[in-house]
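Have a look at the structure below, then the notes.
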Amino acid sequence: MILEERPDGQGTGEDSSRQQDDGSIRKGHDSFVQNQPGQLQSYRARLHQQISKELRMRTGAENLYRATSNTWVRETVALELSYVNSNLQLLKEELAELSCNADVDQPEGESVTIPMIPLGLKETKELDWATPLKELISEHFGEDGASYETEIQELEDLRQATRTPSRDEVGLDLLAAYYSQLCFLDARFFSPARSPGLLFHWYDSLTGVPAQQRALAFEKGSVLFNIGALHTQIGARQDCSCTEGTSQAAEAFQRAAGAFRLLRENFSHAPSPDMSAASLSMLEQLMVAQAQECIFRGLLLRASATPDICPDQLQLAQEATQVATEYGLVHRAMAQPPVRDYLPASWTNLARVKAEHFCALAHYHAAMALCESSSAKGELSRQEDIFQPSATCEPQGPTLPQHPEERRKLAKAHLKRAILGQEEALRLHTLCRVPRKVDLLQVVVTQALRRSLTKYSELEREDDFFEAMEAPDIQPKTHQAPEVSIPSLSQVKVTDFFHRLGPLSVFSTKNRWQLVGPVHMTRGEGGFGFTLRGDSPVLIAAVVPGGQAESAGLKEGDYIVSVNGQPCKWWKHVDVVTQLRSMGEEGVSLQVVSLLPGPEPRGTGPRRPALLWNQRECGFETPTPAHTRPWPILGWSRKNKQSKSGSHPDPCTNRNCVTCP
């Protein structure tokens with residue numbers, strides 16, 4: 001992971017001792033890789049000890065950050081939190097790699113690749129769901145909150161598991177399942193009129209500064225952010241020395257970009273910098289650039305089997321330029337305020353190094369296309385559009401030389417630009433101080449520089465007294481542009497933990513109701529005297545004047561929730577009708593709920609109807625969350641959601657409406 005190191009002169013005695021501990025741990029890891037596996041337990045224990053130390057330091061810094069109002073002190077503590085957060089992410093990543101035995105040094109050969117930038121997960125504190133949910137279930141839903149201890153424990157266990165997900169599809173499914181449960185909770189327990197009053201506490205992924213809000217949208221947004229971050233870690237772990245690995249890495253980065261786009265387009269008023277619109281836009285660009293790099297690596301592996309084929313080399317030149325262009329855009333986004341104020345400086349430097357490196361690679365492959373194949377003349381004449389016109393060239397672009405000697409000189413010019421670009425990348429690399437695997441980037445760029453120098457010396461002749469011609473720029477172009485893949489959270493099917501409370505269309509804090517009954521009715525000459533409609537729960541659509549139902553106090557719009565003591569909130573229409581028709585002279589005992597007028601909702605925008613849509617129509621997805629509140633909290637955007645809003649049940653039809661005899 002590329003993380004920022006504390007600048008010189010801002011450390012303390014504690015910092016120096018911490019750096020010594022980090023260095024000893026990494027040395028211990030190197031010896032562990034080289035020596036016997038018996039050192040595994042000892043190394044893991046040292047990692048846990050260092051993590052505990054960092055957590056204690058973070059707790060103290062967090063308490064000071066909250067207690068002080070001095071601006072200078074808060075800035076100093078925020079810097080300390082950023083440093084502690086970087087160390088924690090690094091140590092936890094090493095511990096995870098140790099557990100899966102994946103942290104093995106890459107070979108010092110051609111397969112060594114530039115490291116990617118994975119994003120650390122947002123961390124959170126433990127949350128007590130039990131007390132507020134039990135109170136809400138007892139007071140609003142009229143049921144015994146203690147009887148839902150099993151469901152609440154399942155929810156708490158699921159949230160606890162999402163704090164340390166595995167870096168694979170299982171971890172992604174775990175986060176998606178918790179996100180789906182949050183959607184259920186949002187629809188059932190959170191409304192402008194009433195909510196559990198929980199305080200969600202999360203740490204910023206980039207700075208480590210704590211943030212907290214009572215809005216469930218903050219919890220949902222943080223989980224969605226972690227889904228994107230986990231995709232980046234999965235992509236960075238892939239073996240890009242084979243085409244399968246490059247394809248999997250590109251797919252992972254495209255999904256990460258989709259998660260960040262979904263978060264940026266649907267959440268607002270983020271309380272932490274990592275979830276601001278500027279940060280999410282930058283992260284999306286970064287993931288697209290890394291996906292483009294993986295696509296280039298795959299093409300490079302396929303072209304390595306036929307290195308002398310001119311069209312492949314020209315395509316690689318344009319693909320490399322496309323990667324350099326993407327990283328150039330990322331670097332500009334990282335250098336803009338306010339992102340540059342809290343982004344690790346090593347990320348910004350790495351983006352610039354990659355932009356220089358891939359631009360140099362483009363010129364190297366262009367030179368290879370010019371000089372490697374003796375049959376390249378005809379191929380080059382059809383590939384002149386890969387070069388950008390310069391100020392001294394014709395508007396349609398430079399004309400490629402057809403004479404072998406002129407092509408050799410142009411190849412030297414491209415190699416010269418490749419050498420200069422790779423030397424600049426190495427110079428920038430010296431400014432990129434990162435806490436682990438620093439040499440990987442240098443190895444890759446040095447290998448590329450040596451190849452360019454070797455090829456340049458092959459083309460050099462004793463009679464080359466004149467300066468080489470100026471190599472034109474190369475047009476960026478890709479034959480496989482990355483596609484931002486929005487995560488499909490509905491693929492993970494989950495069941496609402498609080499399913500027993502009843503359908504969300506009625507039994508939520510968005511509605512208020514009164515429990516009526518049980519009332520006993522017998523069959524009269526005209527039956528029970530009411531008409532039923534709908535499923536889960538079944539609605540009393542009409543009451544016959546003077547009938548048994550009216551005498552028992554039932555009204556139009558009531559929902560049947562119990563038949564002879566059997567809960568029927570989830571019964572189908574046909575089940576209730578069958579049960580009623582089977583009753584004899586002893587009659588039936590019904591319990592219903594009558595919806596009450598709700599309080600005027602806070603916020604702006606169109607008012608939603610009292611009855612929400614049936615749960616079947618949205619699968620695991622829940623009704624549109626509450627309207628945006630006037631105060632600045634993280635909220636789910638209502639844009640493009642109104643078309644999904646529920647409505648009152650359709651008018652009674654013969655198919656859905658039955659008058660019970």
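Residue numbering restarts at 1 for every chain of the structure tokens, chains are lettered A, B, ... in their displayed order, and ligands are numbered from 1 as they appear.
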- Output as an NGL selection string all residues of region 45-243 of chain A that backbone DSSP marks as helix (DSSP H, G or I). :A and (45-67 or 71-99 or 130-139 or 145-162 or 169-189 or 216-237 or 243)
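Around region 535-549 of chain A, within 6 Å and counting only C-alpha atoms, the residues found are Phe528, Gly529, Glu556, Gly557, Asp558, Tyr559, Ile560, Lys569, Trp570, Trp571, Lys572 and His573 of chain A, once anything fewer than 6 positions away on its own chain is removed.
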- Skipping near chain neighbours, those fewer than 5 positions away, what residues fall within 9 Å of region 132-145 of chain A using only C-alpha atoms, listed as a ChimeraX atom specification? /A:152,189,194-198,501,507-509,512-513,515
Write to file, as a short mmCIF file (atom, residue, chain, number, x, y, z; two decimals), in the first residue's frame, the residues of the selection just made, with all heavy atoms.
data_model
loop_
_atom_site.label_atom_id
_atom_site.label_comp_id
_atom_site.auth_asym_id
_atom_site.auth_seq_id
_atom_site.Cartn_x
_atom_site.Cartn_y
_atom_site.Cartn_z
N ILE A 152 -31.56 -8.84 17.04
CA ILE A 152 -30.62 -7.74 17.30
C ILE A 152 -29.19 -8.27 17.39
O ILE A 152 -28.25 -7.64 16.90
CB ILE A 152 -31.03 -7.00 18.59
CG1 ILE A 152 -32.38 -6.31 18.40
CG2 ILE A 152 -29.97 -5.98 18.99
CD1 ILE A 152 -32.93 -5.66 19.65
N PHE A 189 -37.19 1.61 10.71
CA PHE A 189 -36.96 2.28 11.99
C PHE A 189 -36.58 3.75 11.89
O PHE A 189 -36.57 4.43 12.91
CB PHE A 189 -35.86 1.55 12.77
CG PHE A 189 -36.21 0.15 13.16
CD1 PHE A 189 -35.50 -0.93 12.66
CD2 PHE A 189 -37.25 -0.10 14.04
CE1 PHE A 189 -35.82 -2.22 13.02
CE2 PHE A 189 -37.58 -1.39 14.41
CZ PHE A 189 -36.86 -2.46 13.89
N ARG A 194 -39.53 9.75 13.74
CA ARG A 194 -38.98 8.95 14.83
C ARG A 194 -37.83 8.11 14.31
O ARG A 194 -37.87 7.60 13.18
CB ARG A 194 -40.06 8.04 15.41
CG ARG A 194 -39.59 7.18 16.55
CD ARG A 194 -40.49 7.35 17.73
NE ARG A 194 -39.96 6.71 18.92
CZ ARG A 194 -40.71 6.20 19.88
NH1 ARG A 194 -42.02 6.25 19.76
NH2 ARG A 194 -40.17 5.68 20.97
N SER A 195 -36.80 7.95 15.13
CA SER A 195 -35.65 7.10 14.80
C SER A 195 -35.02 6.63 16.10
O SER A 195 -35.28 7.19 17.17
CB SER A 195 -34.64 7.87 13.95
OG SER A 195 -34.09 8.95 14.69
N PRO A 196 -34.17 5.61 16.05
CA PRO A 196 -33.58 5.08 17.28
C PRO A 196 -32.63 6.03 17.99
O PRO A 196 -32.31 5.82 19.15
CB PRO A 196 -32.82 3.82 16.80
CG PRO A 196 -33.44 3.48 15.49
CD PRO A 196 -33.86 4.77 14.88
N GLY A 197 -32.13 7.06 17.33
CA GLY A 197 -31.22 8.00 17.97
C GLY A 197 -29.81 7.46 18.15
O GLY A 197 -29.11 7.84 19.09
N LEU A 198 -29.36 6.59 17.25
CA LEU A 198 -28.01 6.03 17.32
C LEU A 198 -27.00 7.05 16.81
O LEU A 198 -27.30 7.90 15.97
CB LEU A 198 -27.93 4.75 16.48
CG LEU A 198 -28.73 3.56 17.00
CD1 LEU A 198 -28.91 2.52 15.92
CD2 LEU A 198 -28.03 2.95 18.20
N LEU A 501 -41.93 -8.23 12.50
CA LEU A 501 -42.69 -7.02 12.80
C LEU A 501 -43.77 -6.74 11.76
O LEU A 501 -44.70 -5.98 12.03
CB LEU A 501 -41.76 -5.82 12.90
CG LEU A 501 -40.88 -5.76 14.15
CD1 LEU A 501 -39.90 -4.60 14.05
CD2 LEU A 501 -41.74 -5.62 15.40
N PHE A 507 -45.80 -1.44 8.67
CA PHE A 507 -45.20 -1.50 10.01
C PHE A 507 -43.80 -0.89 10.00
O PHE A 507 -42.78 -1.59 9.92
CB PHE A 507 -45.19 -2.94 10.50
CG PHE A 507 -46.57 -3.54 10.58
CD1 PHE A 507 -47.05 -4.35 9.56
CD2 PHE A 507 -47.41 -3.25 11.64
CE1 PHE A 507 -48.32 -4.89 9.61
CE2 PHE A 507 -48.68 -3.77 11.71
CZ PHE A 507 -49.15 -4.59 10.69
N SER A 508 -43.79 0.42 10.07
CA SER A 508 -42.54 1.18 10.14
C SER A 508 -42.81 2.46 10.92
O SER A 508 -43.97 2.82 11.17
CB SER A 508 -42.01 1.50 8.74
OG SER A 508 -42.83 2.47 8.11
N THR A 509 -41.75 3.14 11.29
CA THR A 509 -41.92 4.39 12.04
C THR A 509 -42.46 5.50 11.18
O THR A 509 -42.77 6.59 11.70
CB THR A 509 -40.57 4.82 12.64
OG1 THR A 509 -39.59 4.95 11.59
CG2 THR A 509 -40.08 3.80 13.65
N ARG A 512 -48.19 5.57 11.80
CA ARG A 512 -48.72 5.40 13.15
C ARG A 512 -50.04 4.65 13.04
O ARG A 512 -50.83 4.90 12.14
CB ARG A 512 -48.94 6.76 13.82
CG ARG A 512 -47.65 7.52 14.07
CD ARG A 512 -47.92 8.93 14.60
NE ARG A 512 -48.65 8.90 15.86
CZ ARG A 512 -49.90 9.34 16.02
NH1 ARG A 512 -50.57 9.84 14.98
NH2 ARG A 512 -50.49 9.28 17.19
N TRP A 513 -50.23 3.70 13.97
CA TRP A 513 -51.45 2.91 13.91
C TRP A 513 -51.95 2.60 15.32
O TRP A 513 -51.24 2.77 16.32
CB TRP A 513 -51.21 1.61 13.13
CG TRP A 513 -50.18 0.72 13.76
CD1 TRP A 513 -50.35 -0.21 14.74
CD2 TRP A 513 -48.79 0.71 13.45
NE1 TRP A 513 -49.16 -0.80 15.06
CE2 TRP A 513 -48.18 -0.27 14.27
CE3 TRP A 513 -48.00 1.42 12.54
CZ2 TRP A 513 -46.82 -0.54 14.23
CZ3 TRP A 513 -46.64 1.14 12.48
CH2 TRP A 513 -46.06 0.18 13.32
N LEU A 515 -53.89 -0.53 17.47
CA LEU A 515 -54.28 -1.94 17.48
C LEU A 515 -55.71 -2.07 18.01
O LEU A 515 -56.03 -1.56 19.09
CB LEU A 515 -53.31 -2.75 18.35
CG LEU A 515 -53.47 -4.26 18.33
CD1 LEU A 515 -53.20 -4.81 16.92
CD2 LEU A 515 -52.52 -4.90 19.33
#
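With only C-alpha atoms as the atoms that count, the residue of A:Ser551, A:Thr71, A:Gln322, A:Ser205 with the shortest distance to Leu280 (chain A) is A:Ser205.
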- DSSP strand (DSSP E or B) selection over region 484-533 of chain A, as a list in words: Arg512, Trp513, Gln514, Leu515, Val516, Gly517, Pro518, Val519, His520, Met521, Gly524, Gly527, Phe530, Thr531, Leu532 and Arg533 of chain A
Kindly save the residues from that selection, with all heavy atoms included, as a CSV table (one decimal), in the first residue's frame.
chain,number,residue,atom,x,y,z
A,512,ARG,N,-48.2,5.6,11.8
A,512,ARG,CA,-48.7,5.4,13.1
A,512,ARG,C,-50.0,4.7,13.0
A,512,ARG,O,-50.8,4.9,12.1
A,512,ARG,CB,-48.9,6.8,13.8
A,512,ARG,CG,-47.6,7.5,14.1
A,512,ARG,CD,-47.9,8.9,14.6
A,512,ARG,NE,-48.6,8.9,15.9
A,512,ARG,CZ,-49.9,9.3,16.0
A,512,ARG,NH1,-50.6,9.8,15.0
A,512,ARG,NH2,-50.5,9.3,17.2
A,513,TRP,N,-50.2,3.7,14.0
A,513,TRP,CA,-51.4,2.9,13.9
A,513,TRP,C,-51.9,2.6,15.3
A,513,TRP,O,-51.2,2.8,16.3
A,513,TRP,CB,-51.2,1.6,13.1
A,513,TRP,CG,-50.2,0.7,13.8
A,513,TRP,CD1,-50.3,-0.2,14.7
A,513,TRP,CD2,-48.8,0.7,13.4
A,513,TRP,NE1,-49.2,-0.8,15.1
A,513,TRP,CE2,-48.2,-0.3,14.3
A,513,TRP,CE3,-48.0,1.4,12.5
A,513,TRP,CZ2,-46.8,-0.5,14.2
A,513,TRP,CZ3,-46.6,1.1,12.5
A,513,TRP,CH2,-46.1,0.2,13.3
A,514,GLN,N,-53.2,2.1,15.4
A,514,GLN,CA,-53.8,1.7,16.6
A,514,GLN,C,-54.3,0.3,16.5
A,514,GLN,O,-54.9,-0.1,15.5
A,514,GLN,CB,-55.0,2.6,16.9
A,514,GLN,CG,-55.8,2.3,18.2
A,514,GLN,CD,-57.0,3.1,18.4
A,514,GLN,OE1,-57.3,3.9,17.6
A,514,GLN,NE2,-57.6,3.0,19.6
A,515,LEU,N,-53.9,-0.5,17.5
A,515,LEU,CA,-54.3,-1.9,17.5
A,515,LEU,C,-55.7,-2.1,18.0
A,515,LEU,O,-56.0,-1.6,19.1
A,515,LEU,CB,-53.3,-2.7,18.3
A,515,LEU,CG,-53.5,-4.3,18.3
A,515,LEU,CD1,-53.2,-4.8,16.9
A,515,LEU,CD2,-52.5,-4.9,19.3
A,516,VAL,N,-56.6,-2.7,17.3
A,516,VAL,CA,-58.0,-2.9,17.6
A,516,VAL,C,-58.2,-4.4,17.8
A,516,VAL,O,-57.9,-5.2,16.9
A,516,VAL,CB,-58.9,-2.3,16.5
A,516,VAL,CG1,-60.4,-2.5,16.9
A,516,VAL,CG2,-58.6,-0.8,16.3
A,517,GLY,N,-58.9,-4.7,18.9
A,517,GLY,CA,-59.3,-6.1,19.0
A,517,GLY,C,-58.4,-6.9,20.1
A,517,GLY,O,-57.7,-6.3,20.8
A,518,PRO,N,-58.7,-8.2,20.1
A,518,PRO,CA,-59.4,-8.9,19.2
A,518,PRO,C,-61.0,-8.7,19.3
A,518,PRO,O,-61.5,-8.5,20.4
A,518,PRO,CB,-59.1,-10.4,19.5
A,518,PRO,CG,-58.6,-10.4,20.9
A,518,PRO,CD,-58.0,-9.0,21.1
A,519,VAL,N,-61.6,-8.7,18.2
A,519,VAL,CA,-63.1,-8.6,18.1
A,519,VAL,C,-63.7,-9.9,17.6
A,519,VAL,O,-63.1,-10.5,16.7
A,519,VAL,CB,-63.5,-7.4,17.2
A,519,VAL,CG1,-63.0,-6.1,17.8
A,519,VAL,CG2,-63.0,-7.6,15.8
A,520,HIS,N,-64.8,-10.3,18.2
A,520,HIS,CA,-65.4,-11.6,17.8
A,520,HIS,C,-66.6,-11.3,16.9
A,520,HIS,O,-67.4,-10.4,17.2
A,520,HIS,CB,-65.8,-12.4,19.0
A,520,HIS,CG,-66.3,-13.7,18.7
A,520,HIS,ND1,-65.5,-14.8,18.4
A,520,HIS,CD2,-67.6,-14.2,18.6
A,520,HIS,CE1,-66.2,-15.9,18.1
A,520,HIS,NE2,-67.5,-15.5,18.2
A,521,MET,N,-66.7,-12.0,15.8
A,521,MET,CA,-67.8,-11.8,14.8
A,521,MET,C,-68.3,-13.2,14.4
A,521,MET,O,-67.6,-14.2,14.4
A,521,MET,CB,-67.3,-11.1,13.5
A,521,MET,CG,-66.9,-9.7,13.7
A,521,MET,SD,-66.7,-8.9,12.1
A,521,MET,CE,-65.5,-10.0,11.3
A,524,GLY,N,-73.3,-13.6,9.5
A,524,GLY,CA,-74.7,-13.2,9.4
A,524,GLY,C,-75.3,-13.6,8.1
A,524,GLY,O,-74.7,-14.4,7.4
A,527,GLY,N,-73.1,-12.7,5.3
A,527,GLY,CA,-71.7,-13.0,5.6
A,527,GLY,C,-71.1,-12.2,6.7
A,527,GLY,O,-71.9,-11.7,7.6
A,530,PHE,N,-67.8,-7.5,5.1
A,530,PHE,CA,-66.7,-6.6,4.6
A,530,PHE,C,-66.1,-7.2,3.4
A,530,PHE,O,-66.3,-8.4,3.1
A,530,PHE,CB,-65.6,-6.4,5.7
A,530,PHE,CG,-65.1,-7.7,6.3
A,530,PHE,CD1,-64.3,-8.6,5.6
A,530,PHE,CD2,-65.2,-8.0,7.7
A,530,PHE,CE1,-63.8,-9.7,6.1
A,530,PHE,CE2,-64.7,-9.1,8.2
A,530,PHE,CZ,-64.0,-10.0,7.4
A,531,THR,N,-65.3,-6.4,2.7
A,531,THR,CA,-64.6,-6.8,1.4
A,531,THR,C,-63.1,-6.7,1.7
A,531,THR,O,-62.6,-5.7,2.2
A,531,THR,CB,-65.0,-5.9,0.3
A,531,THR,OG1,-66.4,-6.0,0.1
A,531,THR,CG2,-64.3,-6.3,-1.0
A,532,LEU,N,-62.4,-7.7,1.2
A,532,LEU,CA,-60.9,-7.8,1.5
A,532,LEU,C,-60.2,-7.5,0.1
A,532,LEU,O,-60.7,-7.9,-0.9
A,532,LEU,CB,-60.5,-9.1,2.0
A,532,LEU,CG,-61.2,-9.5,3.3
A,532,LEU,CD1,-60.7,-10.9,3.8
A,532,LEU,CD2,-61.0,-8.5,4.4
A,533,ARG,N,-59.0,-7.0,0.3
A,533,ARG,CA,-58.1,-6.8,-0.9
A,533,ARG,C,-56.7,-6.8,-0.5
A,533,ARG,O,-56.3,-6.4,0.6
A,533,ARG,CB,-58.5,-5.4,-1.5
A,533,ARG,CG,-57.7,-5.1,-2.8
A,533,ARG,CD,-58.1,-3.7,-3.4
A,533,ARG,NE,-57.5,-2.7,-2.5
A,533,ARG,CZ,-58.2,-1.5,-2.3
A,533,ARG,NH1,-59.3,-1.3,-2.8
A,533,ARG,NH2,-57.6,-0.6,-1.5
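Of the residues listed (A:Ile234, A:Ala277, A:Val576, A:Leu216), A:Ala277 shows the shortest atom-to-atom separation from Val339 (chain A); distances use only C-alpha atoms.
Proximity of A:Arg163, A:Pro210, A:Gly502, A:Ser279 to Asp341 (chain A), computed with only C-alpha atoms, is greatest for A:Ser279.
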